[in-house]
Amino acid sequence: MSHNNHLLTVSDYETRSRELFPPQLFEANFSTDGGRFEANTRNIQAFNSARLRPRVLVGVGTCKVSTTVLGQNIGVPVMIAPAGVHQRAHPDGELATARAAASAGTVMVLSQHSTYTIEEVAEVATGSLWFQLYFLKDRAITERLVLRAEEAGYKALMVTVDHVGNLQSEHQIVDASWRVLSNFAGTDLEGLSASEVYHNRFEWDLNWSDLEWLRARTSLPLVVKGIQTAEDAELCREHGVNAIVVSNHGGHALPDAKGTLETLPEVVDSVRGELEVYMDGGVRRGSDVLKALALGARAVFIGRPLFWGLRVDGERGVLDVLNILRSELESTMRLCGVTNVEHVSRSLVSMPASWDPERSLVGVNGRVP
Ligand SMILES: Cc1cc2nc3c(=O)[nH]c(=O)nc-3n(C[C@H](O)[C@H](O)[C@H](O)COP(=O)(O)O)c2cc1C
């Protein structure tokens with residue numbers, strides 16, 4: 001139940017935060033629509049075009065939404081996606097988000113481009129934190145970030161691989177008055193704008209051998225974010241990756257990408273249960289979460305909605321957004337005759353025939369491959 005009685009849905013939070021953010025900042029970074037983030041519009045369309053096939057008379061008095069990711073318990077299968085510069089939305093930035101994620105019993109992934117440092121966030125977080133890395137040309141700085149995350153108790157490393165050579169970057173509008181990119185203090189990246197780091201210091205020559213380089217330097221589980229094909233999912237499996245995030249960077253990268261829900265089944269099938277698969281992009285309702293789980297995601301991530309919650313009411317706003325999704329997930333599960341998030345099957349979703357005729361038939365007939 002939302003503590004903000006007038007804001008009952010995640011989309012209410014979007015509407016309210018749009019009134020509070022400076023318009024240019026909102027449109028460039030946090031808006032779902034506006035024709036700017038085509039791939040994210042497609043993410044949302046994919047959720048809308050997949051339909052649920054409810055079962056009845058199965059006894060839904062109890063409903064379990066807790067699960068595990070990489071062996072860690074989470075209270076709800078909705079995690080906080082890595083996103084840069086939370087202070088754009090609230091002075092408490094990532095500290096507020098980390099506290100909210102802990103209260104909801106879920107994981108927060110801290111972006112390398114956070115406004116509070118790896119250590120500052122670890123200090124206040126009582127829940128599980130993962131750290132997200134963009135490979136820098138300077139491998140010594142990359143390696144140092146990994147070691148700092150390990151030492152501060154982060155439980156997994158997420159490498160984002162879809163954001164090189166992008167057209168629409170979240171790094172465009174970052175005001176110097178925010179304590180930007182605090183993790184680079186003491187390096188020669190200190191004081192650079194997010195845009196400068198992105199354009200001049202990111203490793204655009206990233207390839208599979210870089211993952212091996214990273215694997216050799218850390219014992220933390222490795223999560224690769226930005227996988228959009230069965231072929232790359234298979235390569236992740238071969239390279240010892242522990243989990244994958246099916247993601248198109250919320251439409252901030254390649255505009256012509258498919259909706260991520262549409263991509264999810266081919267990725268899930270290709271890894272044959274050997275890696276965990278998560279997804280993000282356009283998750284706005286509990287029913288979206290359930291559809292993603294049914295198509296094989298172990299959990300989902302939210303990006304923009306965390307900024308909407310943060311802008312409206314800081315830590316309480318982010319927690320409220322997570323609670324809204326949890327409560328909607330529970331009611332959708334009950335209406336679908338599902339009592340445990342770990343036992344959701346593909347037969348719950350009817351996919352549009354246009355996605356992939358072979359797979360859509362599976363949904364329609366209620367058969368699971
Ligand atoms: C403002 C903003 C900043 C982001 N910063 C990062 C980042 O630093 N690292 C990263 O891997 N992804 C980043 N992302 C992408 C998110 O992790 C996620 O893939 C995306 O937001 C999911 O879509 P959604 O916003 O519709 O939930 C960012 C997204 C937004 C909207």
# chains A, B, ... in the order shown; residues from 1 in each chain; ligands from 1
call {"tool": "select_by_dssp", "arguments": {"residues": "region 227-344 of chain A", "states": "strand (DSSP E)", "output": "JSON, numbers by chain"}}
result
{"A": [227, 243, 244, 245, 246, 276, 277, 278, 279, 280, 299, 300, 301, 302]}
call {"tool": "closest_atom_pairs", "arguments": {"of": "region 33-103 of chain A", "to": "region 181-204 of chain A", "cutoff": "12 Å", "atoms": "only C-alpha atoms", "output": "JSON lines"}}
result
{"residue": "A:Ala83", "atom": "CA", "partner": "A:Leu181", "partner_atom": "CA", "distance": 11.7}
{"residue": "A:Gly84", "atom": "CA", "partner": "A:Leu181", "partner_atom": "CA", "distance": 8.3}
{"residue": "A:Val85", "atom": "CA", "partner": "A:Leu181", "partner_atom": "CA", "distance": 7.3}
{"residue": "A:His86", "atom": "CA", "partner": "A:Leu181", "partner_atom": "CA", "distance": 10.6}
{"residue": "A:Gln87", "atom": "CA", "partner": "A:Leu181", "partner_atom": "CA", "distance": 10.7}
{"residue": "A:Glu94", "atom": "CA", "partner": "A:Ser182", "partner_atom": "CA", "distance": 11.6}
call {"tool": "closest_atom_pairs", "arguments": {"of": "chain A", "to": "ligand 1", "cutoff": "6 Å", "atoms": "only C-alpha atoms and all ligand atoms", "output": "JSON lines"}}
result
{"residue": "A:Asn29", "atom": "CA", "partner": "ligand 1", "partner_atom_place_in_ligand_line": "1 (C)", "distance": 4.7}
{"residue": "A:Phe30", "atom": "CA", "partner": "ligand 1", "partner_atom_place_in_ligand_line": "31 (C)", "distance": 5.3}
{"residue": "A:Ala81", "atom": "CA", "partner": "ligand 1", "partner_atom_place_in_ligand_line": "17 (O)", "distance": 4.4}
{"residue": "A:Pro82", "atom": "CA", "partner": "ligand 1", "partner_atom_place_in_ligand_line": "17 (O)", "distance": 4.3}
{"residue": "A:Ala83", "atom": "CA", "partner": "ligand 1", "partner_atom_place_in_ligand_line": "5 (N)", "distance": 3.2}
{"residue": "A:Gly84", "atom": "CA", "partner": "ligand 1", "partner_atom_place_in_ligand_line": "8 (O)", "distance": 3.9}
{"residue": "A:Ser111", "atom": "CA", "partner": "ligand 1", "partner_atom_place_in_ligand_line": "8 (O)", "distance": 4.7}
{"residue": "A:His113", "atom": "CA", "partner": "ligand 1", "partner_atom_place_in_ligand_line": "8 (O)", "distance": 5.4}
{"residue": "A:Thr160", "atom": "CA", "partner": "ligand 1", "partner_atom_place_in_ligand_line": "11 (O)", "distance": 4.9}
{"residue": "A:Glu170", "atom": "CA", "partner": "ligand 1", "partner_atom_place_in_ligand_line": "3 (C)", "distance": 5.1}
{"residue": "A:Ser247", "atom": "CA", "partner": "ligand 1", "partner_atom_place_in_ligand_line": "19 (O)", "distance": 5.7}
{"residue": "A:His249", "atom": "CA", "partner": "ligand 1", "partner_atom_place_in_ligand_line": "19 (O)", "distance": 3.7}
{"residue": "A:Gly250", "atom": "CA", "partner": "ligand 1", "partner_atom_place_in_ligand_line": "23 (O)", "distance": 3.4}
{"residue": "A:Asp280", "atom": "CA", "partner": "ligand 1", "partner_atom_place_in_ligand_line": "22 (C)", "distance": 4.9}
{"residue": "A:Gly281", "atom": "CA", "partner": "ligand 1", "partner_atom_place_in_ligand_line": "23 (O)", "distance": 3.4}
{"residue": "A:Gly282", "atom": "CA", "partner": "ligand 1", "partner_atom_place_in_ligand_line": "26 (O)", "distance": 3.6}
{"residue": "A:Val283", "atom": "CA", "partner": "ligand 1", "partner_atom_place_in_ligand_line": "27 (O)", "distance": 5.6}
{"residue": "A:Ile302", "atom": "CA", "partner": "ligand 1", "partner_atom_place_in_ligand_line": "27 (O)", "distance": 3.9}
{"residue": "A:Gly303", "atom": "CA", "partner": "ligand 1", "partner_atom_place_in_ligand_line": "21 (O)", "distance": 3.5}
{"residue": "A:Arg304", "atom": "CA", "partner": "ligand 1", "partner_atom_place_in_ligand_line": "25 (O)", "distance": 3.8}
call {"tool": "atom_distance", "arguments": {"atom1": "CA of Ala122 (chain A)", "atom2": "CA of Ala149 (chain A)"}}
result
8.9 Å
call {"tool": "residues_around", "arguments": {"residues": "Gln112 (chain A)", "least_positions_apart": "2", "cutoff": "6 Å", "atoms": "only C-alpha atoms", "output": "PDB file with C-alpha atoms, in the first residue's frame"}}
result
ATOM      1  CA  SER A 114      27.618   7.490  -8.494  1.00  0.00           C
ATOM      2  CA  GLN A 132      28.439  -1.799 -11.839  1.00  0.00           C
ATOM      3  CA  LEU A 133      31.502  -1.205 -13.927  1.00  0.00           C
TER       4      LEU A 133
END
call {"tool": "select_by_dssp", "arguments": {"residues": "region 36-82 of chain A", "states": "alpha helix (DSSP H)", "output": "list in words"}}
result
Glu38, Ala39, Asn40, Thr41, Arg42, Asn43, Ile44, Gln45, Ala46, Phe47, Asn48 and Ser49 of chain A
call {"tool": "closest_atom_pairs", "arguments": {"of": "region 311-359 of chain A", "to": "region 9-22 of chain A", "cutoff": "10 Å", "atoms": "only C-alpha atoms", "output": "CSV"}}
result
residue,atom,partner,partner_atom,distance
A:Arg311,CA,A:Ser17,CA,6.0
A:Val312,CA,A:Ser17,CA,5.7
A:Asp313,CA,A:Ser17,CA,9.4
A:Gly317,CA,A:Tyr13,CA,8.5
A:Val318,CA,A:Tyr13,CA,9.8
A:Asp320,CA,A:Val10,CA,9.0
A:Val321,CA,A:Val10,CA,6.0
A:Leu322,CA,A:Val10,CA,8.9
A:Asn323,CA,A:Val10,CA,10.0
A:Ile324,CA,A:Thr9,CA,6.5
A:Leu325,CA,A:Val10,CA,7.7
A:Glu328,CA,A:Thr9,CA,9.0
call {"tool": "atom_distance", "arguments": {"atom1": "CA of Thr97 (chain A)", "atom2": "CA of Arg284 (chain A)"}}
result
17.6 Å
call {"tool": "residues_around", "arguments": {"residues": "Thr260 (chain A)", "least_positions_apart": "4", "cutoff": "9 Å", "atoms": "only C-alpha atoms", "output": "NGL selection string"}}
result
:A and (39-40 or 42-44 or 46-47 or 228 or 246-248 or 264 or 279-282)
call {"tool": "atom_distance", "arguments": {"atom1": "CA of Leu136 (chain A)", "atom2": "CA of Pro255 (chain A)"}}
result
23.8 Å
call {"tool": "residues_around", "arguments": {"residues": "Tyr278 (chain A)", "least_positions_apart": "3", "cutoff": "12 Å", "atoms": "only C-alpha atoms", "output": "ChimeraX atom specification"}}
result
/A:68-70,77-81,158,223-228,233,242-247,260-261,263-265,267-268,275,281,289,292-302
call {"tool": "closest_residue", "arguments": {"among": "A:Arg237, A:His163, A:Arg334, A:Arg217", "to": "Val60 (chain A)", "atoms": "only C-alpha atoms"}}
result
A:Arg334
